[in-house]
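Trainee: My structure is below; once you've seen it, I'll send some questions.
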Amino acid sequence: MAKMLYRLGLLAARRAKTVIAAWFALLILAITAFLGFGGQLTDQITMPDLETTEVADRLAEEMPDAGGGSASVVLRTEDGSSFTEQQESDVAQLIEEVEQHEAVDSVTDPFVSEEEMAESQEELAEGREELEEGSQEVEAGWEELEQAREELEAGQAELDAGQAQLDEAIEEAQAGGYYEALAPQFEYQQGELDVAQEELDGARAEIEEGEAELEAAEEEMAPAEAELDRGEAMLALTEDLGMVSEDGDIAVMNVSFHESMENVGMEELSSLDEELTAAEIDGVEILPSQDISMEMPHLFSTAEAIGLMVAAAVLLIMLGTLIGAGLPLFNALIGVGIGVAGAMALSGTVEMMSITPILGLMLGLAVGIDYALFILHRHRNQLKDGMGIRESIALANGTAGNAVVFAGATVVIALLALNVTGLPFLGLMGTVAAVCVIIAVLMATTMTPALLSLVGRRILRRKERRYIGFHESKKITTPIGGLKALGIAVVSLVGLGLLAVPTFDMRLGLPDAGSQAEDSTAYQAYSATEEAFGQGMNGPLLVVADLHGDLDEGQAMDYQIEIGEALAARDDIDAAVPVGVNDENSVAVFQVLPMEGPSAESTEALVHEFRDGEPLSGVEAETEGVYLSGVELSVAGMTAANIDVSDVISDALPLYLTLVVGLSLVLMVIVFRSILLPVVATLGFIGSFAAAMGIVVAIFQWGWMGDLFGLSEPGPIVTFLPVIMVGILFGLAMDYQLFTASGMREAYAHGSAPRLAVRQGLHAGRSVVTAAALIMGSVFAGFIFTDDPMVASIGLGLAGGVLLDAFVVRLLLVPAVLTLLGPAAWWLPKWLDKILPDVDVEGAALEREVTDGETEEAEAARKEAEEAKANGRRRRSRRREGAESEAEADAEEYASTRS
């Protein structure tokens, strides 16, 4: 590899203009492809096989009308007064226009909904009043019937008494023998009694008929009363989901889509967002929610420009020339332009998150500058030693360039390993970033030699050019003291440990609109909704309940009401509004508003309970013999989907971390041919990663110094941030470890004592590592002050991780521990030494070959170096002679003055 890079560097130096033109042609091609084929980026994370997706698909089959996604648009009066009739009319007109979009199914008019709810309340009140009047009439009828029955029983008693008296008189008359004389009278009296009995029987029949009528009336009233009870119960549940605030100054317009939100295209959402934000209603602000408002973060802003200016300042201080400082920046900008434009050209065919090209830009700039700097730094030192320009370029490309290829390969492998997580969006993110790193490596090993060839010795300061061939490196003859090394190790470990403490409280999730910039539409919609309707309105859950048993429509409605009431009774639920029941009365759907916002811990716990537990267990209500504790509930919606995504990514993190740490150990054992050094270096990487995550948690989750970083509200840490940080920081840590530990290994192999070799290697590599870390940290830090919390947290995590790993771990902790270990730091079993491949990362063999004169280029370089040294001696001699002549003249002038 080193020889191939040597030849490549020499070819690039000889054909400099051709190489530069080829890279510019690629840049133009990438930009043209982006302009011709680029599509819309997205802020939504979509993943296959989520439980939320399965529930949404099932709901679309069971209840097509309720299976589509929904998003809200907040309407707010500018002066805080209630909406006027004209404003309500304008809102209705806007709704008609919005409903014309292909993706939109329907739009709920909040003012019409409030009127309909008020009308429903009036109708229910009237129905209840009529029912009560009917009940009173029936009750009065029963009282009348009871009174008539009492009168009937009294008349029957009198009639029975009269009949008894008549029967007794007849018996006496028959016994006395005068019956025949009184028979006509007895017959008359019997006739009157029979007539009276008929009248009583008629009255009894009327009473029985009245009872039947009253019972029929009661039977007729029972369904009406049950329906009225259901209506009142449903209204009571629905009242908790208001669409207009109590003050009348804020209203929520609900937009329903044909498809679930995950399946709604970004172009449709972008078009809808543009129409809503462009709409003008006098005195009314129109604020689309985060689900609609796609305010994409800028690829490049003032903050990133400041970061690049800091990087340029570091380069200028280190290299001392504008040409030297500008060359790595120019190199990185061309490379990252090709990488990012090429990646965004694929956004028309591949769903790509907005963070993906930003990560490529962030990483491409950082490594592009650093990799060019590594080669340039080696080239400068060789020029100062008197080596010829082209030979120095080729040798720098074969040695430092070889290390760049190895370091870039580790970053690429770590990034491509993101594909093993099984998360498509994360795999694409890692792939795009890996491509940007590959381009940075190719640029460093081709474009950098070409540019160095054009600038020649102007890459050196004027003073350095005068003393070419007389450059001498400082000799290190004493190792770091044991007590000093112990103190450095202890302080470093304590510092990393303290910074890592917040990591133990880390909570992963996806930031909601509450963490967006305060001037963003999404944040204003979020805060207005929370102020008017509560936190849960910003994160509704779509809950699906499986109803048990063969239920008719009324039973299913009763079941639905009981489930809704049981849900609403929970302390962590603000409202549970029934949405509907399918045609088979087997599935009921609810819109559940959590008590807190979508990113709150209680909301996350609620979703997990829906997933894993029985949220209605313990409820003793019963409908048709089916207890609510046996109801099966599932949950969907954007809030639940975000929580599911977070869970999946969190589950993938341990596997990925194990893979990266294992890869780190294997690679460093091969490179440094040591057991303990890779272990120490890897543990140091874990420490810097944990400390960097602790800083992110303290600021973005705990809210420390949130105002300084423009954080609106603290919240969970972006779910994929730890995975991204592990992939990137691992590769960069390998870079810095390579440029320090390889020098240590080389010094030890050349006979230096173990502890002395550590200090000599550290001295040789610390300047370039310091500059590289400052440059990379400043580039990453430029993204901290962007409006997007995801980008800001990634920038902070990477900047903190790079600086901590370079300055605390690679330059302090690892050298201190290696010093304490002494010879054990370089121990490797002989059997392992035999089977490990010989990886010459820094091209030492190539350097010896060139130094020993085994190439024509080396011979020409030596002649050029000897000539440069001779020229240097002549210049120094002339300056010395000039100084002596000037001194003699000054002495003569001084003597004459004295005399």
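Naming works like this for the structure tokens: A, B, ... for the chains as they're shown, residue 1 at the start of each chain, ligands 1 onward in shown order.
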Can you list, as a list of chain:residue names, every protein, DNA or RNA residue that comes within 8 Å of Ala325 of chain A when you count only C-alpha atoms, leaving out same-chain residues fewer than 4 positions away?

Mentor: A:Ala312, A:Ala313, A:Leu315, A:Leu316, A:Leu319, A:Gly320, A:Thr321, A:Leu329

Trainee: Please save all heavy atoms of the selected residues as a PDB file, in the first residue's frame.

Mentor:
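Saved the output as out-v3.pdb:
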ATOM      1  N   ALA A 312      -9.190  27.563  10.250  1.00  0.00           N
ATOM      2  CA  ALA A 312      -8.198  28.271   9.449  1.00  0.00           C
ATOM      3  C   ALA A 312      -7.161  28.963  10.331  1.00  0.00           C
ATOM      4  O   ALA A 312      -5.962  28.981  10.007  1.00  0.00           O
ATOM      5  CB  ALA A 312      -8.899  29.297   8.551  1.00  0.00           C
ATOM      6  N   ALA A 313      -7.616  29.524  11.450  1.00  0.00           N
ATOM      7  CA  ALA A 313      -6.687  30.185  12.369  1.00  0.00           C
ATOM      8  C   ALA A 313      -5.700  29.176  12.958  1.00  0.00           C
ATOM      9  O   ALA A 313      -4.500  29.463  13.077  1.00  0.00           O
ATOM     10  CB  ALA A 313      -7.468  30.881  13.480  1.00  0.00           C
ATOM     11  N   LEU A 315      -4.712  26.386  11.568  1.00  0.00           N
ATOM     12  CA  LEU A 315      -3.800  26.018  10.497  1.00  0.00           C
ATOM     13  C   LEU A 315      -2.759  27.109  10.254  1.00  0.00           C
ATOM     14  O   LEU A 315      -1.578  26.827  10.028  1.00  0.00           O
ATOM     15  CB  LEU A 315      -4.591  25.761   9.209  1.00  0.00           C
ATOM     16  CG  LEU A 315      -5.410  24.461   9.161  1.00  0.00           C
ATOM     17  CD1 LEU A 315      -6.345  24.473   7.955  1.00  0.00           C
ATOM     18  CD2 LEU A 315      -4.489  23.250   9.097  1.00  0.00           C
ATOM     19  N   LEU A 316      -3.199  28.363  10.292  1.00  0.00           N
ATOM     20  CA  LEU A 316      -2.281  29.463  10.058  1.00  0.00           C
ATOM     21  C   LEU A 316      -1.230  29.544  11.153  1.00  0.00           C
ATOM     22  O   LEU A 316      -0.037  29.775  10.883  1.00  0.00           O
ATOM     23  CB  LEU A 316      -3.063  30.771   9.972  1.00  0.00           C
ATOM     24  CG  LEU A 316      -2.261  32.025   9.582  1.00  0.00           C
ATOM     25  CD1 LEU A 316      -1.620  31.839   8.213  1.00  0.00           C
ATOM     26  CD2 LEU A 316      -3.160  33.255   9.599  1.00  0.00           C
ATOM     27  N   LEU A 319       1.109  26.371  10.616  1.00  0.00           N
ATOM     28  CA  LEU A 319       1.889  26.294   9.394  1.00  0.00           C
ATOM     29  C   LEU A 319       2.575  27.616   9.044  1.00  0.00           C
ATOM     30  O   LEU A 319       3.584  27.611   8.343  1.00  0.00           O
ATOM     31  CB  LEU A 319       1.001  25.849   8.228  1.00  0.00           C
ATOM     32  CG  LEU A 319       0.281  24.499   8.443  1.00  0.00           C
ATOM     33  CD1 LEU A 319      -0.649  24.207   7.280  1.00  0.00           C
ATOM     34  CD2 LEU A 319       1.296  23.382   8.617  1.00  0.00           C
ATOM     35  N   GLY A 320       2.005  28.715   9.487  1.00  0.00           N
ATOM     36  CA  GLY A 320       2.669  30.002   9.310  1.00  0.00           C
ATOM     37  C   GLY A 320       2.512  30.638   7.959  1.00  0.00           C
ATOM     38  O   GLY A 320       3.059  31.721   7.723  1.00  0.00           O
ATOM     39  N   THR A 321       1.796  30.031   7.030  1.00  0.00           N
ATOM     40  CA  THR A 321       1.598  30.620   5.702  1.00  0.00           C
ATOM     41  C   THR A 321       0.132  30.522   5.316  1.00  0.00           C
ATOM     42  O   THR A 321      -0.561  29.566   5.677  1.00  0.00           O
ATOM     43  CB  THR A 321       2.443  29.903   4.633  1.00  0.00           C
ATOM     44  OG1 THR A 321       2.006  28.551   4.517  1.00  0.00           O
ATOM     45  CG2 THR A 321       3.919  29.940   4.995  1.00  0.00           C
ATOM     46  N   LEU A 329      -8.086  23.475   3.751  1.00  0.00           N
ATOM     47  CA  LEU A 329      -9.470  23.945   3.690  1.00  0.00           C
ATOM     48  C   LEU A 329     -10.017  23.792   2.275  1.00  0.00           C
ATOM     49  O   LEU A 329     -11.147  23.325   2.076  1.00  0.00           O
ATOM     50  CB  LEU A 329      -9.542  25.410   4.132  1.00  0.00           C
ATOM     51  CG  LEU A 329      -9.328  25.689   5.618  1.00  0.00           C
ATOM     52  CD1 LEU A 329      -9.253  27.188   5.864  1.00  0.00           C
ATOM     53  CD2 LEU A 329     -10.452  25.079   6.443  1.00  0.00           C
TER      54      LEU A 329
END

Trainee: Excluding Met362 of chain A and any residue of its chain fewer than 2 positions from it, enumerate the residues within 8 Å of it, using only C-alpha atoms, and give them as a ChimeraX atom specification.

Mentor: /A:358-360,364-366,779-780,783

Trainee: Write to file, as a PDB file, in the first residue's frame, the residues of the selection just made, with N, CA, C and O atoms.

Mentor:
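New file out-v2.pdb:
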ATOM      1  N   ILE A 358     -26.152  16.547   6.409  1.00  0.00           N
ATOM      2  CA  ILE A 358     -25.473  17.408   7.381  1.00  0.00           C
ATOM      3  C   ILE A 358     -24.368  16.631   8.080  1.00  0.00           C
ATOM      4  O   ILE A 358     -23.265  17.155   8.308  1.00  0.00           O
ATOM      5  N   LEU A 359     -24.645  15.375   8.418  1.00  0.00           N
ATOM      6  CA  LEU A 359     -23.612  14.549   9.040  1.00  0.00           C
ATOM      7  C   LEU A 359     -22.458  14.323   8.069  1.00  0.00           C
ATOM      8  O   LEU A 359     -21.280  14.363   8.460  1.00  0.00           O
ATOM      9  N   GLY A 360     -22.779  14.084   6.790  1.00  0.00           N
ATOM     10  CA  GLY A 360     -21.726  13.935   5.790  1.00  0.00           C
ATOM     11  C   GLY A 360     -20.896  15.196   5.663  1.00  0.00           C
ATOM     12  O   GLY A 360     -19.660  15.144   5.560  1.00  0.00           O
ATOM     13  N   GLY A 364     -17.161  15.121   6.672  1.00  0.00           N
ATOM     14  CA  GLY A 364     -16.306  15.322   5.510  1.00  0.00           C
ATOM     15  C   GLY A 364     -15.381  16.515   5.665  1.00  0.00           C
ATOM     16  O   GLY A 364     -14.204  16.466   5.304  1.00  0.00           O
ATOM     17  N   LEU A 365     -15.906  17.613   6.205  1.00  0.00           N
ATOM     18  CA  LEU A 365     -15.069  18.789   6.438  1.00  0.00           C
ATOM     19  C   LEU A 365     -13.966  18.482   7.450  1.00  0.00           C
ATOM     20  O   LEU A 365     -12.803  18.828   7.245  1.00  0.00           O
ATOM     21  N   ALA A 366     -14.363  17.839   8.552  1.00  0.00           N
ATOM     22  CA  ALA A 366     -13.403  17.599   9.632  1.00  0.00           C
ATOM     23  C   ALA A 366     -12.265  16.682   9.183  1.00  0.00           C
ATOM     24  O   ALA A 366     -11.085  17.019   9.310  1.00  0.00           O
ATOM     25  N   VAL A 779     -14.739  22.493  13.757  1.00  0.00           N
ATOM     26  CA  VAL A 779     -15.715  22.214  12.697  1.00  0.00           C
ATOM     27  C   VAL A 779     -16.994  21.631  13.291  1.00  0.00           C
ATOM     28  O   VAL A 779     -18.112  22.049  12.959  1.00  0.00           O
ATOM     29  N   PHE A 780     -16.854  20.648  14.180  1.00  0.00           N
ATOM     30  CA  PHE A 780     -18.037  20.065  14.824  1.00  0.00           C
ATOM     31  C   PHE A 780     -18.760  21.100  15.675  1.00  0.00           C
ATOM     32  O   PHE A 780     -19.993  21.148  15.709  1.00  0.00           O
ATOM     33  N   PHE A 783     -21.604  23.397  14.452  1.00  0.00           N
ATOM     34  CA  PHE A 783     -22.979  22.908  14.288  1.00  0.00           C
ATOM     35  C   PHE A 783     -23.769  22.957  15.602  1.00  0.00           C
ATOM     36  O   PHE A 783     -24.959  22.629  15.598  1.00  0.00           O
TER      37      PHE A 783
END

Trainee: Env of Ala30 of chain A: 6 Å cut, atoms = only C-alpha atoms, seq-sep filter 3 positions within chain, self excluded. Answer as a PyMOL selection string.

Mentor: chain A and resi 27+33+338+341-342

Trainee: Name the residues of segment 528-776 of chain A that fall into alpha helix (DSSP H) according to DSSP on the backbone, using the chain letters and numbers of this document, as a PyMOL selection string.

Mentor: chain A and resi 528-533+553-568+601-612+638-672+676-696+721-749+754-776

Trainee: Could you save those same residues with C-alpha atoms as a short mmCIF file (atom, residue, chain, number, x, y, z; two decimals), in the first residue's frame?

Mentor:
data_model
loop_
_atom_site.label_atom_id
_atom_site.label_comp_id
_atom_site.auth_asym_id
_atom_site.auth_seq_id
_atom_site.Cartn_x
_atom_site.Cartn_y
_atom_site.Cartn_z
CA ALA A 528 -49.78 27.56 21.96
CA THR A 529 -51.42 24.13 22.02
CA GLU A 530 -49.90 23.32 25.41
CA GLU A 531 -51.01 26.65 26.84
CA ALA A 532 -54.59 26.33 25.61
CA PHE A 533 -55.31 22.61 25.84
CA GLU A 553 -74.48 -1.91 18.39
CA GLY A 554 -75.76 -0.75 21.77
CA GLN A 555 -73.64 -3.22 23.73
CA ALA A 556 -70.56 -2.26 21.75
CA MET A 557 -71.25 1.39 22.48
CA ASP A 558 -71.65 0.66 26.19
CA TYR A 559 -68.43 -1.32 26.10
CA GLN A 560 -66.68 1.55 24.33
CA ILE A 561 -67.90 4.06 26.89
CA GLU A 562 -66.76 1.94 29.82
CA ILE A 563 -63.30 1.52 28.27
CA GLY A 564 -63.09 5.26 27.62
CA GLU A 565 -64.12 6.08 31.18
CA ALA A 566 -61.65 3.56 32.57
CA LEU A 567 -58.84 5.06 30.49
CA ALA A 568 -59.75 8.62 31.42
CA GLU A 601 -41.24 9.89 30.75
CA SER A 602 -44.85 9.29 31.80
CA THR A 603 -45.97 9.19 28.17
CA GLU A 604 -43.23 6.72 27.32
CA ALA A 605 -44.19 4.58 30.31
CA LEU A 606 -47.84 4.70 29.23
CA VAL A 607 -47.01 3.46 25.73
CA HIS A 608 -44.90 0.66 27.18
CA GLU A 609 -47.79 -0.33 29.44
CA PHE A 610 -50.10 -0.46 26.44
CA ARG A 611 -47.49 -2.62 24.72
CA ASP A 612 -46.59 -4.97 27.56
CA MET A 638 -46.71 9.36 15.71
CA THR A 639 -45.94 9.62 19.42
CA ALA A 640 -46.04 5.84 19.85
CA ALA A 641 -44.07 5.37 16.62
CA ASN A 642 -41.30 7.66 17.87
CA ILE A 643 -41.13 5.73 21.13
CA ASP A 644 -40.99 2.43 19.23
CA VAL A 645 -38.16 3.75 17.05
CA SER A 646 -36.24 4.83 20.15
CA ASP A 647 -36.66 1.39 21.70
CA VAL A 648 -35.41 -0.39 18.59
CA ILE A 649 -32.34 1.84 18.31
CA SER A 650 -31.61 1.49 22.02
CA ASP A 651 -31.71 -2.29 21.65
CA ALA A 652 -29.24 -2.10 18.75
CA LEU A 653 -26.71 0.06 20.64
CA PRO A 654 -25.08 -2.71 22.80
CA LEU A 655 -24.50 -4.92 19.76
CA TYR A 656 -22.98 -2.08 17.79
CA LEU A 657 -20.82 -0.92 20.69
CA THR A 658 -19.54 -4.48 21.19
CA LEU A 659 -18.76 -4.75 17.48
CA VAL A 660 -16.85 -1.46 17.41
CA VAL A 661 -14.92 -2.13 20.62
CA GLY A 662 -13.98 -5.61 19.41
CA LEU A 663 -12.85 -4.20 16.07
CA SER A 664 -10.81 -1.56 17.90
CA LEU A 665 -8.97 -4.17 19.94
CA VAL A 666 -8.18 -6.40 16.95
CA LEU A 667 -6.93 -3.56 14.75
CA MET A 668 -4.73 -2.04 17.42
CA VAL A 669 -3.21 -5.41 18.35
CA ILE A 670 -2.25 -5.85 14.69
CA VAL A 671 -0.90 -2.33 14.28
CA PHE A 672 0.93 -1.86 17.57
CA LEU A 676 -2.11 -3.91 26.91
CA LEU A 677 -1.79 -0.83 24.70
CA PRO A 678 -4.98 -1.68 22.71
CA VAL A 679 -6.81 -2.45 25.97
CA VAL A 680 -5.76 0.87 27.49
CA ALA A 681 -6.58 2.76 24.29
CA THR A 682 -10.00 1.11 23.97
CA LEU A 683 -10.92 1.75 27.60
CA GLY A 684 -9.81 5.33 27.06
CA PHE A 685 -12.14 5.57 24.06
CA ILE A 686 -15.04 4.30 26.19
CA GLY A 687 -14.16 6.91 28.81
CA SER A 688 -14.08 9.81 26.36
CA PHE A 689 -17.33 8.60 24.77
CA ALA A 690 -19.08 8.37 28.15
CA ALA A 691 -17.78 11.80 29.18
CA ALA A 692 -18.94 13.38 25.92
CA MET A 693 -22.37 11.79 26.34
CA GLY A 694 -22.45 13.14 29.91
CA ILE A 695 -21.94 16.67 28.59
CA VAL A 696 -24.76 16.22 26.08
CA LEU A 721 -26.86 9.99 18.80
CA PRO A 722 -24.94 7.38 20.87
CA VAL A 723 -24.70 5.05 17.87
CA ILE A 724 -23.51 7.84 15.58
CA MET A 725 -21.00 9.05 18.17
CA VAL A 726 -19.60 5.57 18.72
CA GLY A 727 -19.08 5.08 14.98
CA ILE A 728 -17.43 8.43 14.35
CA LEU A 729 -15.44 8.87 17.57
CA PHE A 730 -14.04 5.35 17.31
CA GLY A 731 -12.54 6.07 13.92
CA LEU A 732 -11.18 9.46 14.98
CA ALA A 733 -9.76 8.02 18.20
CA MET A 734 -7.93 5.47 16.07
CA ASP A 735 -6.51 8.35 14.02
CA TYR A 736 -5.06 10.10 17.05
CA GLN A 737 -3.88 6.87 18.66
CA LEU A 738 -2.12 5.96 15.44
CA PHE A 739 -0.22 9.24 15.19
CA THR A 740 1.01 9.01 18.79
CA ALA A 741 1.39 5.30 19.54
CA SER A 742 3.03 4.43 16.20
CA GLY A 743 5.86 6.80 17.08
CA MET A 744 6.13 5.16 20.48
CA ARG A 745 6.27 1.73 18.90
CA GLU A 746 8.90 2.85 16.39
CA ALA A 747 11.08 4.38 19.13
CA TYR A 748 10.80 1.19 21.18
CA ALA A 749 11.67 -0.95 18.15
CA PRO A 754 9.94 1.47 27.12
CA ARG A 755 9.17 4.57 29.20
CA LEU A 756 11.44 6.77 27.10
CA ALA A 757 9.85 5.45 23.90
CA VAL A 758 6.46 6.60 25.17
CA ARG A 759 7.65 10.16 25.62
CA GLN A 760 9.57 10.24 22.34
CA GLY A 761 6.56 9.01 20.37
CA LEU A 762 4.28 11.46 22.16
CA HIS A 763 6.63 14.34 21.38
CA ALA A 764 6.79 13.36 17.70
CA GLY A 765 3.04 13.20 17.20
CA ARG A 766 1.53 15.65 19.66
CA SER A 767 1.72 18.77 17.47
CA VAL A 768 -0.17 17.28 14.55
CA VAL A 769 -2.70 15.59 16.87
CA THR A 770 -3.25 18.85 18.74
CA ALA A 771 -3.81 20.80 15.54
CA ALA A 772 -6.03 18.06 14.07
CA ALA A 773 -8.17 17.85 17.20
CA LEU A 774 -8.58 21.63 17.40
CA ILE A 775 -9.55 21.77 13.74
CA MET A 776 -11.98 18.88 13.96
#

Trainee: Fewer than 3 positions away in the same chain doesn't count, so skip those; otherwise give me all residues within 12 Å of Val494 of chain A, counting only C-alpha atoms, as a VMD selection string.

Mentor: chain A and resid 487 to 491 497 to 501 687 to 688 691 808 813

Trainee: I'd like the contact shell of segment 333-337 of chain A - 10 Å cut-off, only C-alpha atoms, skipping same-chain residues fewer than 4 positions apart - returned as a ChimeraX atom specification.

Mentor: /A:23-24,26-28,30-31,328-329,341-343,357,360-369,435-444,447

Trainee: Output the selection as a short mmCIF file (atom, residue, chain, number, x, y, z; two decimals), in the first residue's frame - C-alpha atoms for each residue.

Mentor:
data_model
loop_
_atom_site.label_atom_id
_atom_site.label_comp_id
_atom_site.auth_asym_id
_atom_site.auth_seq_id
_atom_site.Cartn_x
_atom_site.Cartn_y
_atom_site.Cartn_z
CA TRP A 23 -11.69 16.65 -9.17
CA PHE A 24 -13.36 19.88 -10.32
CA LEU A 26 -16.41 15.49 -10.43
CA LEU A 27 -17.64 18.43 -8.37
CA ILE A 28 -19.52 19.88 -11.33
CA ALA A 30 -22.14 15.95 -8.53
CA ILE A 31 -23.78 19.38 -8.40
CA PRO A 328 -6.35 21.76 3.59
CA LEU A 329 -9.47 23.94 3.69
CA ALA A 341 -24.01 16.95 -3.55
CA GLY A 342 -23.67 13.36 -4.74
CA ALA A 343 -25.55 12.05 -1.72
CA PRO A 357 -26.24 15.18 4.38
CA GLY A 360 -21.73 13.93 5.79
CA LEU A 361 -20.86 17.63 5.61
CA MET A 362 -19.80 17.72 9.25
CA LEU A 363 -17.58 14.66 9.03
CA GLY A 364 -16.31 15.32 5.51
CA LEU A 365 -15.07 18.79 6.44
CA ALA A 366 -13.40 17.60 9.63
CA VAL A 367 -11.55 14.59 8.26
CA GLY A 368 -10.88 16.31 4.94
CA ILE A 369 -8.92 19.05 6.69
CA VAL A 435 -18.65 7.91 1.30
CA CYS A 436 -17.71 11.44 2.38
CA VAL A 437 -14.77 9.99 4.36
CA ILE A 438 -13.67 7.87 1.38
CA ILE A 439 -13.71 10.98 -0.80
CA ALA A 440 -11.69 12.82 1.86
CA VAL A 441 -9.08 10.04 1.79
CA LEU A 442 -8.92 10.07 -2.01
CA MET A 443 -8.66 13.84 -2.01
CA ALA A 444 -5.87 13.75 0.56
CA MET A 447 -5.46 16.39 -4.67
#

Trainee: Need the shell around segment 194-204 of chain A: protein/DNA/RNA residues with any atom at most 8 Å away, counting only C-alpha atoms. Skip same-chain ones fewer than 5 positions apart. Format as a list in words?

Mentor: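 What passes the distance filter is Arg149, Leu152, Gly155, Gln156 and Leu159 of chain A.
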
Trainee: Please provide the set of residues having any atom within 6 Å of segment 575-579 of chain A, restricted to only C-alpha atoms, with same-chain residues fewer than 3 positions apart removed, written as a ChimeraX atom specification.

Mentor: /A:237-238,240,564,568,589-593

Trainee: Just list as a PyMOL selection string whatever in segment 464-633 of chain A DSSP marks as strand (DSSP E).

Mentor: chain A and resi 508-509+541-546+573-581+587-594+622-623+626-627+632-633
